[in-house]
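K.L.:
Before we start, here is the structure in question, set down as structure tokens.
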Amino acid sequence: MRASWYAKAIYDLVETGVMSEEKSIEHVVGVVRMNGHEYMLPKIVRAIERIAQKREKHETIEVITANELPQEEVSALLRKEQFARILSPLHKRVVRKVDETLIGGTIVKTDSVRIDMSYKSALREIYQNMTNTL
Amino acid sequence: MEHFIEKLKKQIVDFAPKERSEKIGVVLSTADGIAEVDGLDDIMMSEMVMFDTAEGASLEQSLGGGGQLLGMVLNLEEDAVKVVILGDATKVKQGMIVKATGNILSIPVGEELIGRVVNPLGEVIDGGLPLKVTKRNPIERKAYGVIERKSVSTPLHTGIKAIDGMVPIGRGQRELIIGDRQTGKTVVAIDTIINQMNEPLENRPICIYVAIGQKDSKIARLVQQLKDTGAMEYTIVVSASVSSSAALQFLAPYAGAAIGEYFMDKGMDALVIYDDLSKHAVAYRQMSLLLRRPPGREAYPGDIFYLHSRLLERAARLSDSMGGGSLTALPIIETQEGDVSAYIPTNVISITDGQIYLETDLFNKGIRPAINVGVSVSRVGSSAQTKAMKKVAGKLRLELAQFRELEAFVQFSSDLDEETKNRIEKGKLMVEILKQDKHVPLPFEKEVVIIFLAGAGVFNDADKTRIAELESRFFAMVETQYGDVLKTIADSKDLSDASQAVLKDAAKAFIEGNNELFTTK
């Protein structure tokens, strides 16, 4: 039995709304005690935090540009075909980041896919084609 | 410079920024050359991944970063993926992006590798120009099946009399070289490579020497030796020295096999030497323990047998319909205190088609190569010998076995019958004849000649302490005065009655002219 399994049970109970948060915790902690796994409780707490962070990442899209873009421009960008196909109803948050090293262009990133249209990557590709290194 | 500018202009004109859609993951933690990665959905086992060392770095920094940092996926777990880092692990940081490449790990292959020293990823490490090859072979590949193969029948001459006479190796065979440290295992392997110089060009196999966990100084010395003898012209060295990571040491033999398979698939012959698989097993054990795989006997992982069996099964002789090429494997295993019943040695002995067993006692007695003929075996046997060698070496093993049985009686020589005394003397002569200096392999026609004459009893009265000198002077005489007979044997691969008569005459003439090399009864 792993701490992550208990943590997932609590998280799923709360997420699906089967039980309230307090009831879910009470219920699972009861099972933990019954199994003699009280020593796992700190680990369960950390595992719940990790699941929440992972879920948040899963729901977040990062838009990275070389210069700061206003929100409207970012939304318009995400409506473009090449980016729209990686979006899903699960994506609830858009985080804007600035990375001057990109030089120009955009990177759109979810937790499992990245679409890179930055000038830095393009220039690296030219360099690679010229030198067959990298 | 003009050409460079033209090339750059063309790149810019044709340039159109395109989207790069990549499947990614994020490094959760890294330690001891293993990175735990979150994400990487749909990743395959043994898939190659790339760590994005350019993220957050300026263009200039990323271009000067020194190449790609690759990894290989080795554990697919519930919450994360464990990736073995194939390069500088200090560059990998928590939060770093890892990109899936969609490809299983592969290595550049081709004729351009000949004469070069590369690492298991195909990067040159001999200080020369980078390779420009387009073809890549997967590092791991399923071995050919039974139908695609043909039985081994063509000899691979090592140039070592004891081996070619009594433990012959054929092209496509796996012959294990096993012994304690400092017994001459690598010397046998290197002499086999050097001896391929004596093969005609169209018949010469491409040799691949895979150094696993060896000292850099030893590898450098070896490469220099091969260069000095001209053997680097048909040799490739794959090096994963003791200073490289366990992951690279794990990959090295598979990289060597992938390179050899390129030539085999083209219908050519190739020879690959794995030096040594004991260190390979230790590297794999280290990696498996760091990947938290359950340890088994002697802390080796449960699939340690499969590690070597899938490697050695890739050696084969292909059927004519598949091109007729071959890949011969000479794996090397180091034993501890002569214990061939240990775990890894018994595993590899059961996989290979025979073994050449080198003993410390024989080495210390001055019998070099220190081959214990009684324990050494080639399961291919005389199918891998030329007609000439079969004729002369047929009884060699038996005579030596009889001599060893009688050896204990040597101290009682005055009480023995004439036949036993002759047998003992002949055995002693044979032992001296089979001694050979290192890095001086003999072409097979000379091996046939010397074994024939020794077997015929022509040199029975030779001074046993001067056999090496006798051999050297005799061949010098034969080359100048009887050169045709050597050529006839080399071309026909047979020892005809006429050739035998010529050789006996040559020996008689030699004895008359070199009395000081013979004792009088």
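Each chain of the structure tokens is named A, B, ... in the order shown, its residues numbered from 1; ligands are numbered from 1 in display order.
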Just the residues within 8 Å of Ile126 (chain A), please, counting only C-alpha atoms, with nothing from its chain fewer than 4 positions along; format it as a ChimeraX atom specification.

P.N.:
/A:122,130 /B:11-12

K.L.:
Please, could you write that set of residues out with C-alpha atoms as a tab-separated table (two decimals), in the first residue's frame?

P.N.:
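And here is the file that came out, selection37.tsv:
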chain	number	residue	atom	x	y	z
A	122	ALA	CA	14.76	28.25	-35.72
A	130	MET	CA	25.11	24.33	-41.49
B	11	GLN	CA	19.44	28.30	-45.58
B	12	ILE	CA	18.05	31.80	-44.97

K.L.:
Pick out the residues sitting within 12 Å of region 12-18 of chain A, and hand them over as a list in words; count only C-alpha atoms, and ignore anything fewer than 5 positions along from it in its own chain.

P.N.:
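Listing them by chain and then by number gives Ser4, Trp5, Tyr6, Ala7, Lys23, Ser24, Ile25, Glu26, His27, Val28, Ile48, Ile51, Ala52 and Arg55 of chain A.
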
K.L.:
With DSSP run on the backbone, what are the strand (DSSP E or B) residues within region 35-79 of chain A? I'd like them as a PyMOL selection string.

P.N.:
chain A and resi 60-65

K.L.:
So that I have them on file, write out the residues from the current selection with all heavy atoms, as a CSV table (one decimal), in the first residue's frame.

P.N.:
chain,number,residue,atom,x,y,z
A,60,THR,N,-3.1,24.0,-16.9
A,60,THR,CA,-2.4,25.3,-17.2
A,60,THR,C,-1.8,25.2,-18.6
A,60,THR,O,-1.2,24.2,-19.0
A,60,THR,CB,-1.4,25.6,-16.2
A,60,THR,OG1,-2.0,25.6,-14.9
A,60,THR,CG2,-0.7,26.9,-16.5
A,61,ILE,N,-1.9,26.3,-19.3
A,61,ILE,CA,-1.2,26.5,-20.6
A,61,ILE,C,-0.2,27.6,-20.3
A,61,ILE,O,-0.6,28.7,-19.8
A,61,ILE,CB,-2.1,26.9,-21.7
A,61,ILE,CG1,-3.1,25.8,-21.9
A,61,ILE,CG2,-1.3,27.1,-23.0
A,61,ILE,CD1,-4.1,26.1,-23.0
A,62,GLU,N,1.1,27.4,-20.7
A,62,GLU,CA,2.1,28.5,-20.6
A,62,GLU,C,2.3,29.1,-22.0
A,62,GLU,O,2.5,28.3,-22.9
A,62,GLU,CB,3.4,27.9,-20.1
A,62,GLU,CG,3.5,27.8,-18.6
A,62,GLU,CD,4.8,27.3,-18.1
A,62,GLU,OE1,5.8,27.6,-18.8
A,62,GLU,OE2,4.9,26.6,-17.1
A,63,VAL,N,2.3,30.4,-22.1
A,63,VAL,CA,2.6,31.0,-23.3
A,63,VAL,C,3.8,31.9,-23.0
A,63,VAL,O,3.8,32.8,-22.2
A,63,VAL,CB,1.4,31.9,-23.8
A,63,VAL,CG1,1.8,32.7,-25.0
A,63,VAL,CG2,0.2,31.1,-24.0
A,64,ILE,N,4.9,31.5,-23.7
A,64,ILE,CA,6.2,32.2,-23.5
A,64,ILE,C,6.6,33.0,-24.7
A,64,ILE,O,6.6,32.4,-25.8
A,64,ILE,CB,7.3,31.1,-23.2
A,64,ILE,CG1,6.8,30.1,-22.1
A,64,ILE,CG2,8.6,31.8,-22.8
A,64,ILE,CD1,7.7,28.9,-22.0
A,65,THR,N,6.8,34.2,-24.5
A,65,THR,CA,7.2,35.1,-25.6
A,65,THR,C,8.5,35.9,-25.2
A,65,THR,O,8.8,36.0,-24.1
A,65,THR,CB,6.1,36.1,-25.9
A,65,THR,OG1,5.7,36.7,-24.7
A,65,THR,CG2,4.9,35.4,-26.6

K.L.:
Which residues of chain A come within 10 Å of chain B, and for each one, what is the closest pair of atoms and their distance in Å to one decimal, counting only C-alpha atoms, sorted by chain and residue number, as CSV?

P.N.:
residue,atom,partner,partner_atom,distance
A:Ser4,CA,B:Asp79,CA,9.3
A:Lys54,CA,B:Asp38,CA,9.2
A:His58,CA,B:Gly39,CA,9.9
A:Gln82,CA,B:Glu19,CA,7.8
A:Phe83,CA,B:Glu19,CA,9.5
A:Ile86,CA,B:Ser21,CA,9.5
A:Asp99,CA,B:Gly56,CA,7.1
A:Glu100,CA,B:Ser58,CA,8.2
A:Thr101,CA,B:Ser58,CA,4.8
A:Leu102,CA,B:Ser58,CA,7.6
A:Ile103,CA,B:Leu59,CA,8.4
A:Gly105,CA,B:Pro17,CA,9.1
A:Thr106,CA,B:Glu19,CA,9.5
A:Ile107,CA,B:Glu19,CA,9.1
A:Val108,CA,B:Ser21,CA,9.5
A:Lys109,CA,B:Ile24,CA,9.0
A:Thr110,CA,B:Ile24,CA,8.8
A:Asp111,CA,B:Gly39,CA,6.7
A:Ser112,CA,B:Ile24,CA,5.0
A:Val113,CA,B:Lys23,CA,4.5
A:Arg114,CA,B:Glu22,CA,5.2
A:Ile115,CA,B:Ser21,CA,4.4
A:Asp116,CA,B:Arg20,CA,5.0
A:Met117,CA,B:Glu19,CA,5.0
A:Ser118,CA,B:Pro17,CA,8.1
A:Tyr119,CA,B:Pro17,CA,7.6
A:Lys120,CA,B:Leu59,CA,6.1
A:Ser121,CA,B:Leu59,CA,8.6
A:Ala122,CA,B:Pro17,CA,6.2
A:Leu123,CA,B:Leu59,CA,8.1
A:Arg124,CA,B:Leu63,CA,7.1
A:Glu125,CA,B:Gln11,CA,9.8
A:Ile126,CA,B:Gln11,CA,6.6
A:Tyr127,CA,B:Leu63,CA,8.1
A:Gln128,CA,B:Leu63,CA,9.2
A:Asn129,CA,B:Gln11,CA,8.0
A:Met130,CA,B:Leu8,CA,7.0
A:Thr131,CA,B:Phe4,CA,9.9
A:Asn132,CA,B:Lys132,CA,8.0
A:Thr133,CA,B:Gly67,CA,6.6
A:Leu134,CA,B:Gly67,CA,4.2

K.L.:
Determine the nearest neighbour of Glu49 (chain A) from the options A:Arg33, A:Arg96, A:Lys80, A:Lys8, counting only C-alpha atoms.

P.N.:
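Among A:Arg33, A:Arg96, A:Lys80, A:Lys8, it is A:Lys8 that comes nearest to Glu49 (chain A).
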
K.L.:
Excluding Glu334 (chain B) and residues on its chain fewer than 4 positions from it, collect all residues at most 10 Å away from it, counting only C-alpha atoms, and give them as a list in words.

P.N.:
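Residues meeting the cut-off are Ile177, Ile178, Gly179, Asp180, Arg181, Gln182, Thr183, Lys185, Asp275, Asp276, Leu277, Ser278, Lys279, Gly338, Asp339, Val340, Ile344, Pro345 and Leu358 of chain B.
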
K.L.:
Could you please write out, as a PyMOL selection string, every residue of region 20-110 of chain A that DSSP assigns to helix (DSSP H, G or I)?

P.N.:
chain A and resi 21-34+38-58+71-78+81-84+100-102

K.L.:
How would the residues just picked look written out with C-alpha atoms as a CSV table (one decimal), in the first residue's frame?

P.N.:
chain,number,residue,atom,x,y,z
A,21,GLU,CA,-13.7,17.4,1.9
A,22,GLU,CA,-13.9,16.8,5.6
A,23,LYS,CA,-15.9,13.6,5.2
A,24,SER,CA,-13.4,12.3,2.6
A,25,ILE,CA,-10.4,12.9,4.8
A,26,GLU,CA,-12.1,11.4,7.8
A,27,HIS,CA,-13.1,8.3,5.9
A,28,VAL,CA,-9.7,7.7,4.3
A,29,VAL,CA,-7.8,8.4,7.6
A,30,GLY,CA,-10.1,5.9,9.2
A,31,VAL,CA,-9.0,3.3,6.6
A,32,VAL,CA,-5.3,4.3,7.1
A,33,ARG,CA,-5.7,3.7,10.9
A,34,MET,CA,-7.5,0.4,10.3
A,38,GLU,CA,-0.5,6.0,10.5
A,39,TYR,CA,3.2,6.5,9.9
A,40,MET,CA,2.3,7.2,6.2
A,41,LEU,CA,0.1,10.3,7.1
A,42,PRO,CA,2.9,12.9,6.5
A,43,LYS,CA,3.7,11.2,3.2
A,44,ILE,CA,0.0,11.2,2.3
A,45,VAL,CA,-0.2,15.0,2.8
A,46,ARG,CA,2.8,15.5,0.6
A,47,ALA,CA,1.3,13.2,-2.0
A,48,ILE,CA,-1.9,15.2,-2.0
A,49,GLU,CA,0.1,18.4,-2.6
A,50,ARG,CA,1.9,16.7,-5.5
A,51,ILE,CA,-1.4,15.6,-7.0
A,52,ALA,CA,-2.8,19.1,-6.7
A,53,GLN,CA,0.3,20.6,-8.3
A,54,LYS,CA,0.1,18.0,-11.1
A,55,ARG,CA,-3.6,18.7,-11.7
A,56,GLU,CA,-2.9,22.4,-11.7
A,57,LYS,CA,-0.1,21.9,-14.3
A,58,HIS,CA,-2.5,19.7,-16.3
A,71,GLN,CA,-3.9,39.3,-22.7
A,72,GLU,CA,-6.0,40.0,-25.8
A,73,GLU,CA,-3.1,39.2,-28.1
A,74,VAL,CA,-2.4,36.0,-26.2
A,75,SER,CA,-6.0,34.9,-26.5
A,76,ALA,CA,-5.9,35.6,-30.2
A,77,LEU,CA,-2.7,33.6,-30.5
A,78,LEU,CA,-4.2,30.6,-28.8
A,81,GLU,CA,-5.0,26.5,-35.6
A,82,GLN,CA,-1.6,25.2,-34.7
A,83,PHE,CA,-2.2,26.0,-31.0
A,84,ALA,CA,-5.9,25.3,-30.8
A,100,GLU,CA,14.1,37.3,-23.8
A,101,THR,CA,16.4,34.5,-24.9
A,102,LEU,CA,13.7,33.4,-27.4
